[in-house]
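Undergrad: Structure in structure tokens, see below.
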Amino acid sequence: MLYRTAGQFKTSYRTDQALFPIRQDAFLLGVILICAWVVFPLTASEFTFQTLLTPILIYSLAALGLNILTGFAGQLSLGTGAFMGVGAYACYKMVTLMPWLNPVVAILLSGVFSAGVGVMFGIPSLRIKGFYLAIATLAAQFFLVWLFEKWAWLYNYNASGAIQVPNLDIFGLYVAGPQASSMTQYYVVLTIVSLLTYLAINLTRGNLGRTWKATRDMDIAAELIGINLMRSKLTAFAVSSYIVGVAGALFVFMWRGAAEPNLFDIPLSFRVLFIAIIGGLGSILGNYLGAILIVGLPVVLNTVPRALGIEVESALLEHLNIMIVGSLIIFFLIIEPHGLNALWRLIREKLIIWPFPH
Amino acid sequence: MELLNKIFVAPFAEMVEAPDFLMQVLWEGLVSGVLYALIALGFVLIYRSSRIFNFAQGIMVVFAALTLVGLHEMGVPAWISVVLTLGVMFGLAVTVERVVLRPLVGQPDIILFMATIGITLFLIGFGEIIFGGENKQMITEELGIPTGDIVLEPFGGLLILQHIDITAVVVAVLLVTALLLFLNKTRMGRAIRALGDDHQAALSVGISLQTVWVLVWFIAGIIALVTGIAWGSRAGVSFALEVIAYKALPVLMLGGLESITGAIIGGLMIGMLEKMFEIYWGGPLLGGNTESWFAYVLALIVLLFRPQGLFGEKIIERV
């Protein structure tokens, strides 16, 4: 009933192709945005900011980047973690070489570097396909992480080999480093994530997005109807790596505060891949749902036994955690291989025609 | 000039000057290559029969080795624990087929691939809870594997061959021979290959998908156990072993996903070349630890020229 679409007539192509053809969708999004911009920050504690809100947004953004490549353009990549690393290290170098640079600008620029690296590692995709390409992206993963470790210039020759985020401010307000408050960082992340999501939605709906989808569905057929495969694949790598790189910069500058090379190792890549797949390949909303599940689940698993008064060893809990995440992945793949996004779409369909079954 | 010398002249001069050291390097590379090849073999087998890219092969190695050591620690005699471990691997194969693969038949490759990553995570958590995370000693002596070494003196130098390594190579050769015989000469082996060629055609002549999948995962489990014993007796058994799965992936790329020959030759090539690169080029020029990526970059370069790997089936695309 809440989702009844009766009476919402589409009288032109423009309205039919609109971002929100159904009024309720726009309303729902409005509610979510108000929650994200006003309600959560007012009610959240330091703990919630640090363990839930900020990481969920950052992981969603990384998954969104990966999803553009894998879900929209059909090129499976296992190197997301390393591209996040490129973004983070690029940002670190920029703010240390040019301390006058606005940190938000630095974060947005750092994506450019990872886009460049992404295109470089995307070139083999013109010849290599499927799982071969997936393993080829692992080359990027291992090589880049090795580079982060060995190229001392990247971390300014620190003895520890790690990068430490300095205090950065915009017009006197600290946004990164030890002095920044969680709420400021949350707002910075939220702004960037909202902006990039908006751009991504429109990009995937437009000409470029359609060439990506054609490439994904069958690249030879796409080539036959006149799509330039090189352009299509490389732009997908570029846009995807840009978003992933920005997510990486946010990951270190707005959340972790410091990073060692092995932070960007393969578990991070897989984590982002899980989010994209459980959320649903080829969807934008799915990334957020997936991130909520994958980031939120360990937090819930950690707090629930304690709230119930059961004492569990933290090591055991961590292992249980891994086990449950593994089983959940299998479970979700079995009940809905197209991800949480498809599940939501199903629910929405049901709501629209409710109370009728068909 | 200095750099060119370091790249093109010095390493080769070093090789000629110390041929015994070169042979040692090659031997070490060969032994790791054999183990990479074994893991790759597990991948290939499952990929050929079901088009599933089984990411869990690496963790199966760890899991098999841990089960073996864990059972022995509980007081079970060594050889009986081997049999019991095989039983556990069979149980694992049945469970995986029942719980994971059967509901996912016919899904896109990437979904099945993700499911095997799910299996990997599950096994990591499960294994750590049961066996603990610390490094364990492989029960080499109890299994009657000779320890010690042979010292040869070629070219007046010194070449040390560990008995464990020799055993590993011999066992691997036997295993591969047995596997090839099984695949080529028996009914079941033919069924596996048929299923790999065409699922529906194989089903229509009465080959049971379920039986074959269980069998294939079980064989992969046996291979995992052998690999686990061989690798574990060199480096101990712990979850750190899991990383060797990442070593097997470039082997697959290089050799081709469908080819058993490719897995073996690819494994040996990568094992030897990465050792040589690390010792003669990577260490002095790049600061070492190049083994983490060398195999991938090598495989990537080969793929640029042969997108299906050296021995893979030619990729034919139709619109």
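All residue names refer to the structure tokens as shown: chains lettered A, B, ... in order, residues numbered from 1 in each chain, ligands numbered from 1 in order.
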Can you check which residues of region 185-253 of chain B DSSP gives as alpha helix (DSSP H) on the backbone and send them as a PyMOL selection string?
TA: chain B and resi 185+187-197+199-204+209-235+244-253
Undergrad: May I have a table of the residues of region 35-135 of chain A lying at most 12 Å from region 8-30 of chain A, giving each one's closest pair of atoms and their distance in Å to one decimal, counting only C-alpha atoms, ordered by chain and ascending residue number, as a tab-separated table?
TA:
```
residue	atom	partner	partner_atom	distance
A:Cys35	CA	A:Gly30	CA	8.5
A:Ala36	CA	A:Gly30	CA	9.8
A:Trp37	CA	A:Gly30	CA	10.3
A:Val38	CA	A:Gly30	CA	11.6
```
Undergrad: Mind dumping a table of every chain A residue within 6 Å of chain B, with the nearest atom pair and its distance in Å to one decimal, using only C-alpha atoms, sorted by chain and rising number, as a Markdown table?
TA:
```
| residue | atom | partner | partner_atom | distance |
| --- | --- | --- | --- | --- |
| A:Ile128 | CA | B:Pro307 | CA | 5.3 |
| A:Ala136 | CA | B:Leu300 | CA | 5.8 |
| A:Ala139 | CA | B:Tyr296 | CA | 4.8 |
| A:Phe142 | CA | B:Trp293 | CA | 5.2 |
| A:Phe143 | CA | B:Trp293 | CA | 5.2 |
| A:His319 | CA | B:Gly125 | CA | 4.4 |
| A:Leu320 | CA | B:Gly125 | CA | 5.9 |
| A:Ile322 | CA | B:Gly125 | CA | 5.1 |
| A:Met323 | CA | B:Phe122 | CA | 4.1 |
| A:Gly326 | CA | B:Gly118 | CA | 4.2 |
| A:Ile329 | CA | B:Gly118 | CA | 5.6 |
| A:Ile330 | CA | B:Ala115 | CA | 5.3 |
```
Undergrad: Just write the chosen residues, C-alpha atoms, as a tab-separated table (two decimals), in the first residue's frame.
TA:
```tsv
chain	number	residue	atom	x	y	z
A	128	ILE	CA	42.92	-11.68	-21.57
A	136	ALA	CA	46.27	-11.13	-14.03
A	139	ALA	CA	49.76	-9.42	-10.53
A	142	PHE	CA	51.15	-8.43	-5.37
A	143	PHE	CA	53.42	-6.14	-7.33
A	319	HIS	CA	37.61	-17.28	14.23
A	320	LEU	CA	33.89	-17.77	14.66
A	322	ILE	CA	35.48	-15.68	9.85
A	323	MET	CA	33.52	-18.90	9.82
A	326	GLY	CA	32.18	-17.60	5.07
A	329	ILE	CA	28.56	-15.71	1.77
A	330	ILE	CA	27.61	-19.20	0.66
```
Undergrad: Give me the residues within 12 Å of Gly221 (chain B) as a ChimeraX atom specification, counting only C-alpha atoms and dropping any in the same chain fewer than 2 places off.
TA: /B:38-39,41-43,45-46,54,56-65,67,85-94,96,214-219,223-228
Undergrad: Could you tell me how far CA of Phe311 (chain B) sits from CA of Thr261 (chain B), in Å to one decimal place?
TA: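 Between CA of Thr261 (chain B) and CA of Phe311 (chain B) the gap works out to 7.3 Å.
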Undergrad: So how many Å separate CA of Val170 (chain B) and CA of Val251 (chain B), to one decimal?
TA: 20.2 Å
Undergrad: Skip region 60-77 of chain A itself and residues of its chain fewer than 2 positions away, then list as a tab-separated table (two decimals) with N, CA and C atoms, in the first residue's frame all residues within 7 Å of it, counting only C-alpha atoms.
TA:
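The resulting file, selection.tsv, is reproduced below:
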```
chain	number	residue	atom	x	y	z
A	56	ILE	N	31.58	1.86	6.90
A	56	ILE	CA	30.57	1.38	5.96
A	56	ILE	C	30.58	2.24	4.71
A	57	LEU	N	30.66	3.56	4.92
A	57	LEU	CA	30.66	4.46	3.76
A	57	LEU	C	31.89	4.23	2.89
A	58	ILE	N	33.04	4.08	3.55
A	58	ILE	CA	34.27	3.93	2.78
A	58	ILE	C	34.27	2.62	2.00
A	79	GLY	N	42.32	-7.05	-7.64
A	79	GLY	CA	43.40	-6.19	-7.17
A	79	GLY	C	42.94	-4.91	-6.50
A	80	THR	N	41.69	-4.89	-6.04
A	80	THR	CA	41.14	-3.66	-5.49
A	80	THR	C	41.97	-3.10	-4.35
A	130	GLY	N	38.09	-13.34	-18.59
A	130	GLY	CA	37.59	-14.27	-17.58
A	130	GLY	C	38.54	-14.46	-16.41
A	133	LEU	N	42.03	-13.11	-16.59
A	133	LEU	CA	42.17	-11.69	-16.26
A	133	LEU	C	42.15	-11.50	-14.75
A	134	ALA	N	41.30	-12.27	-14.07
A	134	ALA	CA	41.23	-12.14	-12.62
A	134	ALA	C	42.59	-12.42	-12.01
A	137	THR	N	44.98	-9.60	-12.64
A	137	THR	CA	44.87	-8.44	-11.75
A	137	THR	C	45.56	-8.73	-10.42
A	193	VAL	N	31.43	10.59	-0.65
A	193	VAL	CA	30.74	9.38	-1.09
A	193	VAL	C	29.44	9.74	-1.81
A	212	TRP	N	29.53	-0.02	-21.44
A	212	TRP	CA	30.10	-0.98	-20.49
A	212	TRP	C	29.24	-2.23	-20.42
A	213	LYS	N	27.92	-1.99	-20.30
A	213	LYS	CA	27.03	-3.14	-20.15
A	213	LYS	C	27.07	-4.02	-21.40
A	215	THR	N	29.60	-4.38	-23.34
A	215	THR	CA	30.86	-5.11	-23.28
A	215	THR	C	30.76	-6.29	-22.33
A	216	ARG	N	30.10	-6.06	-21.21
A	216	ARG	CA	29.96	-7.12	-20.22
A	216	ARG	C	29.15	-8.28	-20.79
A	233	LYS	N	36.61	-0.69	-22.22
A	233	LYS	CA	37.27	-1.38	-21.12
A	233	LYS	C	38.19	-0.45	-20.34
A	236	ALA	N	36.36	1.92	-18.20
A	236	ALA	CA	35.85	1.23	-17.02
A	236	ALA	C	36.96	1.08	-15.98
A	237	PHE	N	38.15	0.68	-16.45
A	237	PHE	CA	39.27	0.56	-15.51
A	237	PHE	C	39.60	1.91	-14.89
A	240	SER	N	36.67	3.08	-12.49
A	240	SER	CA	36.66	2.19	-11.33
A	240	SER	C	37.86	2.46	-10.43
A	241	SER	N	39.05	2.53	-11.02
A	241	SER	CA	40.24	2.73	-10.20
A	241	SER	C	40.23	4.10	-9.55
A	243	ILE	N	37.58	5.72	-8.42
A	243	ILE	CA	36.73	5.64	-7.23
A	243	ILE	C	37.40	4.81	-6.15
A	244	VAL	N	37.99	3.69	-6.57
A	244	VAL	CA	38.67	2.84	-5.59
A	244	VAL	C	39.82	3.60	-4.93
A	247	ALA	N	38.52	5.96	-2.45
A	247	ALA	CA	38.12	5.18	-1.28
A	247	ALA	C	39.33	4.81	-0.45
A	272	VAL	N	36.34	-6.29	-0.26
A	272	VAL	CA	35.59	-5.41	-1.14
A	272	VAL	C	34.81	-6.23	-2.17
A	273	LEU	N	35.44	-7.29	-2.65
A	273	LEU	CA	34.75	-8.14	-3.63
A	273	LEU	C	33.51	-8.78	-3.02
A	275	ILE	N	31.68	-7.57	-0.67
A	275	ILE	CA	30.65	-6.55	-0.55
A	275	ILE	C	29.95	-6.36	-1.88
A	276	ALA	N	30.77	-6.28	-2.95
A	276	ALA	CA	30.17	-6.04	-4.27
A	276	ALA	C	29.29	-7.22	-4.67
A	281	LEU	N	26.10	-7.64	-8.14
A	281	LEU	CA	26.90	-7.08	-9.22
A	281	LEU	C	25.99	-6.29	-10.15
A	282	GLY	N	26.50	-5.18	-10.63
A	282	GLY	CA	25.73	-4.38	-11.55
A	282	GLY	C	24.66	-3.54	-10.88
A	284	ILE	N	24.03	-0.22	-7.86
A	284	ILE	CA	24.68	0.82	-7.05
A	284	ILE	C	24.27	0.64	-5.59
A	287	ASN	N	25.96	-2.06	-3.21
A	287	ASN	CA	27.23	-1.85	-2.52
A	287	ASN	C	27.01	-1.40	-1.08
A	288	TYR	N	25.98	-0.56	-0.90
A	288	TYR	CA	25.72	-0.07	0.45
A	288	TYR	C	25.16	-1.19	1.32
A	291	ALA	N	27.96	-3.55	2.14
A	291	ALA	CA	28.90	-2.99	3.12
A	291	ALA	C	28.29	-3.02	4.52
```
Undergrad: Compile the contact shell of Gly296 (chain A) as a list in words: residues with an atom at most 12 Å away, counting only C-alpha atoms, same-chain residues fewer than 6 positions apart removed.
TA: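 What passes the distance filter is Thr48, Gln50, Thr51, Leu52, Leu53, Thr54, Pro55, Ile56, Leu57, Tyr59, Ile275, Tyr288, Leu289, Gly290, Asn302, Thr303, Val304, Asn321 and Val325 of chain A.
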